[in-house]
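Accompanying notes for the structure given below.
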Amino acid sequence: MNIDPTFIEGCFIIKPKVFEDERGSFFESFNQKVFEETTGLQVDFVQDNQSSSKKGVLRGLHFQTGDYKQAKLVRVLMGEVLDIAVDLRPDSKTYRKHFSIILNDQNNFQLYIPKGFAHGFITLSETAIFAYKCDNYYHKPSELGIKYNDPSLAIDWKLDPSEIQLSQKDKELSYLKDIENEQKF
C-alpha cells in the first residue's frame with residue numbers, strides 16, 4: 001500500500017496494491033502498522049459506517065465539534081464519488097481550503113481525513129456504496145454542517161446543480177461564515 005500526502009497537512013491518499021488473476025482480485029484495504037509508520041499518526045478506529053446513494057446524491061459537508069471530532073478513512077466499495085475534505089482547523093495554513101478526489105471501485109483509493117475537517121461527497125455513478133471508518137463515535141449534539149454550495153469554498157461538485165439531491169437536513173445547513181461567527185469549532 002502506498003500512502004501519499006495531499007497539499008493539506010494530515011490528509012492522505014491511500015493507494016492499495018491490487019493483486020489480480022483469473023479468479024478476481026485481492027488487496028489489503030488498511031494496515032494500521034503501515035499507516036502509522038508512514039504518516040506518523042496513531043489512529044484507533046471505533047466505528048464503521050456505510051451508505052448507498054443514487055447519482056447526484058450529495059451528502060455533506062458534515063463535521064463534529066469539541067471532544068467528538070472525528071478522523072475518517074473513506075472509500076468506495078461500488079461506483080464512483082467525488083469526495084471533499086474541507087480544512088476547518090483555524091490555525092492551519094490551509095484553513096478553509098478543500099481537497100477533492102475521485103474515489104471509485106476501480107482505483108480503490110481511500111482518503112484519510114484528520115480531525116477538524118468537514119467532509120462530503122457526491123455520487124457520480126448511477127449508484128455508489130460508500131464506507132468509512134471513524135476514530136470517534138457519532139454524537140448528534142456535536143454535529144454541524146456547511147452548505148455544499150457555500151460561495152466562500154467555491155467547490156466544483158462536477159454535476160449541474162439541477163442534478164444534485166440533498167436531504168432536508170443538508171438543505172438547512174449553515175454557511176461557514178455563520179458557523180465561524182458563532183465560534184462553533
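Order determines the names: the first chain of the C-alpha cells is A, the second B, and so forth; residues in each chain are numbered 1 upward, and ligands are numbered 1 upward as they are shown.
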
Counting only C-alpha atoms, which residues of range 117-157 of chain A sit at most 12 Å from some atom of range 88-110 of chain A, and what is each one's closest atom pair with its distance in Å to one decimal, listed by chain and rising residue number, as CSV?
residue,atom,partner,partner_atom,distance
A:Phe117,CA,A:Leu88,CA,5.1
A:Ala118,CA,A:Leu88,CA,6.7
A:His119,CA,A:His98,CA,9.4
A:Gly120,CA,A:Ser100,CA,9.7
A:Phe121,CA,A:Ser100,CA,9.1
A:Ile122,CA,A:Ile102,CA,9.9
A:Thr123,CA,A:Leu103,CA,9.8
A:Leu124,CA,A:Ile102,CA,9.1
A:Ser125,CA,A:Asn104,CA,9.1
A:Thr127,CA,A:Asn104,CA,11.1
A:Ala128,CA,A:Asn104,CA,8.5
A:Ile129,CA,A:Asp105,CA,9.3
A:Phe130,CA,A:Asn104,CA,9.2
A:Ala131,CA,A:Gln110,CA,9.8
A:Tyr132,CA,A:Gln110,CA,9.2
A:Lys133,CA,A:Gln110,CA,10.7
A:Leu144,CA,A:Leu88,CA,11.9
A:Gly145,CA,A:Leu88,CA,11.2
A:Ile146,CA,A:Leu88,CA,10.7
A:Tyr148,CA,A:His98,CA,11.9
A:Asp150,CA,A:Arg96,CA,11.1
A:Pro151,CA,A:Arg96,CA,11.5
A:Ser152,CA,A:Arg96,CA,8.2
A:Leu153,CA,A:Arg96,CA,6.8
A:Ala154,CA,A:His98,CA,9.1
A:Ile155,CA,A:His98,CA,7.7
A:Asp156,CA,A:Ser100,CA,9.0
A:Trp157,CA,A:Ser100,CA,9.1

Legend entry - Every residue of range 68-178 of chain A that DSSP places in helix (DSSP H, G or I), as a PyMOL selection string: chain A and resi 68+140-142+161-163+168-171+176-178

Could you turn the residues from that selection into a file that holds C-alpha atoms, as a JSON list (two decimals), in the first residue's frame?
[["chain", "number", "residue", "atom", "x", "y", "z"],
["A", 68, "TYR", "CA", -16.46, 14.44, 19.38],
["A", 140, "LYS", "CA", -25.70, 14.06, 17.33],
["A", 141, "PRO", "CA", -25.50, 17.17, 19.61],
["A", 142, "SER", "CA", -21.95, 17.81, 18.32],
["A", 161, "PRO", "CA", -26.88, 21.96, -9.64],
["A", 162, "SER", "CA", -30.17, 20.68, -11.12],
["A", 163, "GLU", "CA", -28.83, 17.10, -10.74],
["A", 168, "GLN", "CA", -33.78, 18.10, 4.16],
["A", 169, "LYS", "CA", -31.10, 18.27, 6.88],
["A", 170, "ASP", "CA", -28.42, 19.20, 4.33],
["A", 171, "LYS", "CA", -30.65, 21.84, 2.75],
["A", 176, "LEU", "CA", -19.18, 28.73, 7.04],
["A", 177, "LYS", "CA", -19.09, 32.43, 7.98],
["A", 178, "ASP", "CA", -22.13, 31.94, 10.25]]

Inset, instruction - Would you please work out which residue, of A:Gln64, A:Asn181, A:Thr39, A:Gln70, is nearest to Phe12 in chain A when using only C-alpha atoms? - result: A:Thr39

Inset, instruction - Calculate how many Å separate CA of Leu73 in chain A from CA of Leu111 in chain A, rounding to one decimal. - result: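 About the pair CA of Leu73 in chain A and CA of Leu111 in chain A: they are 5.7 Å apart.
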
Inset, instruction - Apply DSSP to the backbone of this structure and, from range 9-185 of chain A, keep only the residues in strand (DSSP E or B); write these as a PyMOL selection string. - result: chain A and resi 12-15+19-21+24-26+47-54+57-64+72-78+80-87+98-104+110-113+117-123+127-134+143-146+165+174

Inset, instruction - Considering only C-alpha atoms, return as JSON, numbers by chain whatever protein or nucleic-acid residues lie within 12 Å of Asn31 in chain A, sequence-local ones (same chain, fewer than 2 positions apart) excluded. - result: {"A": [1, 2, 3, 14, 15, 16, 17, 27, 28, 29, 33, 34, 35, 36, 37, 38, 42, 43, 44, 45, 73]}

Inset, instruction - For Ser167 in chain A, work out the shell of residues within 12 Å, counting only C-alpha atoms and skipping chain neighbours fewer than 2 positions away, then give it as a list of chain:residue names. - result: A:Ser53, A:Gly56, A:Val57, A:Leu58, A:Arg59, A:Gly60, A:Leu61, A:Lys147, A:Tyr148, A:Ile164, A:Gln165, A:Lys169, A:Asp170, A:Lys171, A:Glu172, A:Leu173

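The shortest atom-to-atom distance to Leu41 in chain A, with only C-alpha atoms taken into account, belongs to A:Cys11 out of A:Asn149, A:Tyr138, A:Cys11, A:Asp160.
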
Legend entry - Å distance separating CA of Asp83 in chain A from CA of Asp48 in chain A, one decimal place: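 Pair CA of Asp83 in chain A / CA of Asp48 in chain A returns 17.3 Å.
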